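Peer 1: This is start_12.json (JSON, C-alpha atoms).
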[["chain", "number", "residue", "atom", "x", "y", "z"],
["A", 1, "MET", "CA", -9.30, -5.73, -18.95],
["A", 2, "ASP", "CA", -6.53, -7.44, -16.95],
["A", 3, "VAL", "CA", -5.38, -5.05, -14.20],
["A", 4, "VAL", "CA", -2.43, -5.99, -11.98],
["A", 5, "LEU", "CA", -0.73, -3.89, -9.35],
["A", 6, "VAL", "CA", 2.95, -4.81, -9.28],
["A", 7, "ARG", "CA", 4.46, -4.10, -5.89],
["A", 8, "VAL", "CA", 7.94, -2.72, -6.47],
["A", 9, "ALA", "CA", 10.46, -2.66, -3.63],
["A", 10, "LYS", "CA", 13.56, -0.69, -2.77],
["A", 11, "ASN", "CA", 15.67, -3.85, -3.15],
["A", 12, "GLY", "CA", 14.56, -4.25, -6.79],
["A", 13, "SER", "CA", 12.09, -7.08, -6.22],
["A", 14, "SER", "CA", 8.57, -7.03, -7.58],
["A", 15, "THR", "CA", 5.40, -8.97, -6.81],
["A", 16, "PRO", "CA", 2.23, -8.97, -8.91],
["A", 17, "VAL", "CA", -1.08, -8.37, -7.14],
["A", 18, "PRO", "CA", -3.92, -9.11, -9.59],
["A", 19, "LEU", "CA", -7.11, -7.10, -9.16],
["A", 20, "MET", "CA", -9.89, -9.62, -9.64],
["A", 21, "ARG", "CA", -12.75, -7.46, -8.35],
["A", 22, "ASP", "CA", -14.46, -4.34, -9.58],
["A", 23, "ARG", "CA", -13.65, -2.74, -6.21],
["A", 24, "THR", "CA", -10.49, -3.68, -4.30],
["A", 25, "LEU", "CA", -10.26, -2.43, -0.71],
["A", 26, "VAL", "CA", -6.81, -1.72, 0.77],
["A", 27, "GLY", "CA", -6.18, -1.38, 4.51],
["A", 28, "ARG", "CA", -5.29, -3.00, 7.82],
["A", 29, "LEU", "CA", -8.62, -4.73, 8.48],
["A", 30, "ASP", "CA", -8.95, -8.48, 7.97],
["A", 31, "ASP", "CA", -11.75, -8.01, 5.44],
["A", 32, "CYS", "CA", -9.63, -5.83, 3.11],
["A", 33, "HIS", "CA", -8.67, -7.44, -0.20],
["A", 34, "ILE", "CA", -5.12, -6.10, 0.05],
["A", 35, "ARG", "CA", -4.27, -6.17, 3.75],
["A", 36, "VAL", "CA", -1.23, -4.28, 5.00],
["A", 37, "PRO", "CA", -0.94, -4.53, 8.82],
["A", 38, "ILE", "CA", 1.35, -1.57, 9.54],
["A", 39, "ALA", "CA", 0.72, 1.62, 11.48],
["A", 40, "GLY", "CA", 1.02, 3.93, 8.45],
["A", 41, "ILE", "CA", -1.99, 2.29, 6.79],
["A", 42, "SER", "CA", -5.53, 3.15, 7.86],
["A", 43, "ARG", "CA", -8.03, 0.40, 8.65],
["A", 44, "LYS", "CA", -9.76, 1.15, 5.34],
["A", 45, "HIS", "CA", -7.12, 3.18, 3.53],
["A", 46, "CYS", "CA", -8.12, 3.34, -0.12],
["A", 47, "GLU", "CA", -9.96, 1.51, -2.86],
["A", 48, "ILE", "CA", -9.17, 0.77, -6.48],
["A", 49, "VAL", "CA", -12.22, 0.66, -8.73],
["A", 50, "VAL", "CA", -12.14, -0.92, -12.20],
["A", 51, "ASN", "CA", -15.29, -0.09, -14.17],
["A", 52, "ASP", "CA", -16.02, 0.17, -17.90],
["A", 53, "GLY", "CA", -12.36, 0.30, -18.89],
["A", 54, "ALA", "CA", -11.48, 2.96, -16.31],
["A", 55, "ILE", "CA", -9.35, 2.56, -13.19],
["A", 56, "VAL", "CA", -9.84, 5.01, -10.31],
["A", 57, "VAL", "CA", -8.03, 5.20, -6.96],
["A", 58, "ASN", "CA", -10.08, 6.66, -4.10],
["A", 59, "ASP", "CA", -8.58, 7.59, -0.75],
["A", 60, "LEU", "CA", -11.01, 6.64, 2.03],
["A", 61, "GLY", "CA", -10.09, 9.42, 4.44],
["A", 62, "SER", "CA", -6.73, 7.93, 5.42],
["A", 63, "SER", "CA", -4.47, 9.86, 7.79],
["A", 64, "ASN", "CA", -1.29, 9.41, 5.76],
["A", 65, "GLY", "CA", -2.77, 9.69, 2.30],
["A", 66, "THR", "CA", -2.81, 7.87, -0.98],
["A", 67, "TYR", "CA", -0.44, 9.03, -3.72],
["A", 68, "VAL", "CA", -0.47, 8.68, -7.49],
["A", 69, "ASN", "CA", 2.83, 9.55, -9.18],
["A", 70, "GLN", "CA", 3.96, 11.25, -5.92],
["A", 71, "ASP", "CA", 0.89, 13.52, -5.71],
["A", 72, "ARG", "CA", -1.52, 13.09, -2.80],
["A", 73, "VAL", "CA", -4.98, 12.37, -4.18],
["A", 74, "GLN", "CA", -8.56, 11.99, -3.00],
["A", 75, "SER", "CA", -9.88, 10.41, -6.20],
["A", 76, "GLN", "CA", -7.72, 9.95, -9.27],
["A", 77, "PRO", "CA", -8.06, 8.03, -12.56],
["A", 78, "VAL", "CA", -4.95, 5.93, -13.25],
["A", 79, "SER", "CA", -3.63, 4.08, -16.26],
["A", 80, "ALA", "CA", -0.86, 1.68, -17.18],
["A", 81, "GLY", "CA", 2.50, 2.91, -15.92],
["A", 82, "ASP", "CA", 1.15, 5.04, -13.06],
["A", 83, "LEU", "CA", 2.58, 4.54, -9.57],
["A", 84, "ILE", "CA", 0.28, 4.25, -6.54],
["A", 85, "SER", "CA", 1.82, 4.53, -3.07],
["A", 86, "PHE", "CA", 0.57, 4.38, 0.51],
["A", 87, "GLY", "CA", 2.24, 3.51, 3.80],
["A", 88, "GLY", "CA", 5.70, 3.32, 2.22],
["A", 89, "LEU", "CA", 4.62, 0.73, -0.37],
["A", 90, "VAL", "CA", 4.71, 1.44, -4.10],
["A", 91, "PHE", "CA", 2.64, -0.31, -6.78],
["A", 92, "LEU", "CA", 2.96, 0.00, -10.55],
["A", 93, "VAL", "CA", -0.34, -0.18, -12.43],
["A", 94, "THR", "CA", -0.21, -2.64, -15.32],
["A", 95, "VAL", "CA", -3.04, -3.12, -17.79],
["A", 96, "ASN", "CA", -3.09, -6.14, -20.11],
["A", 97, "GLY", "CA", 0.61, -6.70, -19.39],
["A", 98, "GLU", "CA", 1.71, -3.14, -20.16],
["A", 99, "PRO", "CA", 4.17, -1.78, -19.25],
["A", 100, "GLY", "CA", 6.11, -4.99, -19.73],
["A", 101, "ASP", "CA", 9.72, -4.68, -18.59],
["A", 102, "ILE", "CA", 10.17, -2.66, -15.41],
["A", 103, "ASP", "CA", 13.04, -1.60, -13.22],
["A", 104, "ALA", "CA", 11.49, -2.21, -9.79],
["A", 105, "GLU", "CA", 14.15, -0.31, -7.85],
["A", 106, "MET", "CA", 13.78, 2.75, -10.08],
["A", 107, "MET", "CA", 9.96, 2.51, -9.96],
["A", 108, "PHE", "CA", 10.09, 2.39, -6.16],
["A", 109, "GLU", "CA", 12.19, 5.56, -6.06],
["A", 110, "ASP", "CA", 9.86, 7.25, -8.58],
["A", 111, "GLY", "CA", 6.78, 6.27, -6.55],
["A", 112, "ILE", "CA", 7.78, 7.40, -3.06],
["A", 113, "PRO", "CA", 6.33, 10.87, -2.43],
["A", 114, "GLU", "CA", 8.94, 13.60, -2.11],
["A", 115, "SER", "CA", 7.34, 15.19, 0.90],
["A", 116, "ASP", "CA", 8.44, 16.51, 4.23],
["A", 117, "GLU", "CA", 5.21, 15.17, 5.73],
["A", 118, "THR", "CA", 5.70, 12.75, 8.59],
["A", 119, "PRO", "CA", 3.27, 9.80, 8.65],
["A", 120, "VAL", "CA", 0.54, 10.27, 11.21],
["A", 121, "VAL", "CA", 0.58, 7.47, 13.76],
["A", 122, "ALA", "CA", -1.74, 7.51, 16.75],
["A", 123, "GLN", "CA", 0.35, 8.27, 19.83],
["A", 124, "GLN", "CA", -0.37, 9.35, 23.34],
["A", 125, "THR", "CA", 0.26, 13.01, 24.08],
["A", 126, "ALA", "CA", 3.41, 13.42, 26.15],
["A", 127, "PRO", "CA", 4.05, 16.22, 28.63],
["A", 128, "ALA", "CA", 6.24, 19.04, 27.28],
["A", 129, "ALA", "CA", 9.19, 18.07, 29.50],
["A", 130, "ALA", "CA", 9.15, 14.42, 28.42],
["A", 131, "LYS", "CA", 12.15, 13.02, 26.58],
["A", 132, "PRO", "CA", 11.62, 12.47, 22.87],
["A", 133, "GLN", "CA", 11.04, 8.86, 21.92],
["A", 134, "ALA", "CA", 13.19, 7.11, 19.37],
["A", 135, "THR", "CA", 11.45, 6.43, 16.08],
["A", 136, "VAL", "CA", 11.21, 2.86, 14.86],
["A", 137, "SER", "CA", 11.61, 2.18, 11.19],
["A", 138, "GLU", "CA", 9.31, -0.49, 9.88],
["A", 139, "PRO", "CA", 10.87, -3.52, 8.21],
["A", 140, "GLU", "CA", 10.30, -4.36, 4.58],
["A", 141, "PRO", "CA", 6.99, -6.25, 4.24],
["A", 142, "GLN", "CA", 7.07, -9.82, 3.03],
["A", 143, "MET", "CA", 4.31, -11.10, 0.76],
["A", 144, "ALA", "CA", 1.99, -13.76, 2.11],
["A", 145, "SER", "CA", 0.00, -16.05, -0.11],
["A", 146, "ILE", "CA", -3.01, -15.08, -2.18],
["A", 147, "SER", "CA", -6.10, -16.86, -0.96],
["A", 148, "ASN", "CA", -9.17, -17.31, -3.10],
["A", 149, "SER", "CA", -12.60, -17.22, -1.52],
["A", 150, "ASN", "CA", -15.70, -18.91, -2.89],
["A", 151, "ASP", "CA", -16.35, -16.02, -5.27],
["A", 152, "ASP", "CA", -12.89, -16.40, -6.90],
["A", 153, "SER", "CA", -11.86, -12.93, -5.71],
["A", 154, "SER", "CA", -8.28, -12.40, -4.67],
["A", 155, "MET", "CA", -7.00, -11.28, -1.28],
["A", 156, "MET", "CA", -3.42, -10.34, -0.57],
["A", 157, "ASP", "CA", -1.84, -10.08, 2.85],
["A", 158, "PHE", "CA", 1.51, -8.50, 3.53],
["A", 159, "GLU", "CA", 3.36, -9.95, 6.49],
["A", 160, "PHE", "CA", 6.10, -8.19, 8.41],
["A", 161, "ASP", "CA", 9.08, -9.79, 10.10],
["A", 162, "PHE", "CA", 10.18, -7.87, 13.17],
["A", 163, "ASP", "CA", 13.54, -8.70, 14.70],
["A", 164, "ASP", "CA", 12.34, -7.85, 18.17],
["A", 165, "GLU", "CA", 8.80, -7.91, 19.56],
["A", 166, "ASP", "CA", 9.41, -4.44, 21.07],
["A", 167, "ASP", "CA", 10.12, -3.00, 17.59],
["A", 168, "GLN", "CA", 6.61, -3.72, 16.30],
["A", 169, "PRO", "CA", 4.63, -0.50, 15.87],
["A", 170, "PRO", "CA", 1.09, -0.37, 17.26],
["A", 171, "LEU", "CA", -1.60, -1.40, 14.79]]
Rewrite the coordinates I just gave you, this time as structure tokens.

Peer 2:
Amino acid sequence: MDVVLVRVAKNGSSTPVPLMRDRTLVGRLDDCHIRVPIAGISRKHCEIVVNDGAIVVNDLGSSNGTYVNQDRVQSQPVSAGDLISFGGLVFLVTVNGEPGDIDAEMMFEDGIPESDETPVVAQQTAPAAAKPQATVSEPEPQMASISNSNDDSSMMDFEFDFDDEDDQPPL
């Protein structure tokens, strides 16, 4: 079974991320197979397990959650055409090339959870009289290269371009 997560973006672009392992770890840590170094992603956020023709997404206790078709999940079987999202990123599940033609912009909109929940980001507690801090929106991630290790497993890093060093959220 050929399983590929296709990252779909708000601007209509898409990038395939092939799953070449039985268990693909997603998170901020360097040893994650899909590494997303932004504050809304936990160090070990979720995993995607492909086993005996089944695909299952497991949240690994992340603060901001893992979503399948806009529903927050702990463990959820997925199939071709389902949308997985975490940390503001949306991925379309494709199996053996299906679904074929996609509208990335529409898929992005369909994959973002419609929730009033605010992402949980570790912050210091401020005194009650302190002025509210301005929120910083994170820039659109840029895809880095896929690097193959000795076991022919894939790793994907997402890089982020910040206009100003002060705009970078804490990791």

Peer 1: One number please: CA of Ile41 (chain A) to CA of Asp103 (chain A), in Å, one decimal.

Peer 2: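 Going from CA of Ile41 (chain A) over to CA of Asp103 (chain A), I get 25.3 Å.
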
Peer 1: Between A:Gly111, A:Thr24, A:Pro16, A:Val49, which is the closest to Arg72 (chain A) once you count all atoms listed in the file?

Peer 2: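 The answer is A:Gly111, which sits nearest to Arg72 (chain A).
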
Peer 1: Which of these residues is nearest to Arg43 (chain A), using only C-alpha atoms: A:Val73, A:Gly81, A:Gly87, A:Tyr67?

Peer 2: A:Gly87

Peer 1: For a quick check of your reading of the model, name the residues lying within 10 Å of the coordinate (-3.4, -4.7, 4.3), counting all atoms listed in the file, and write them as a PyMOL selection string.

Peer 2: chain A and resi 25-38+41-45+87+155-159

Peer 1: Please indicate the distance in Å from CA of Arg21 (chain A) to CA of Glu109 (chain A), rounded to one decimal place.

Peer 2: 28.2 Å

Peer 1: Of the candidates A:Ser62, A:Pro99, A:Gln70, A:Val57, which one gets nearest to Ala39 (chain A) if we count only C-alpha atoms?

Peer 2: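 Comparing A:Ser62, A:Pro99, A:Gln70, A:Val57 against Ala39 (chain A), the winner is A:Ser62.
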
Peer 1: For the atom pair CA of Leu19 (chain A) and CA of Glu114 (chain A), what is the interatomic distance in Å to one decimal place?

Peer 2: 27.1 Å
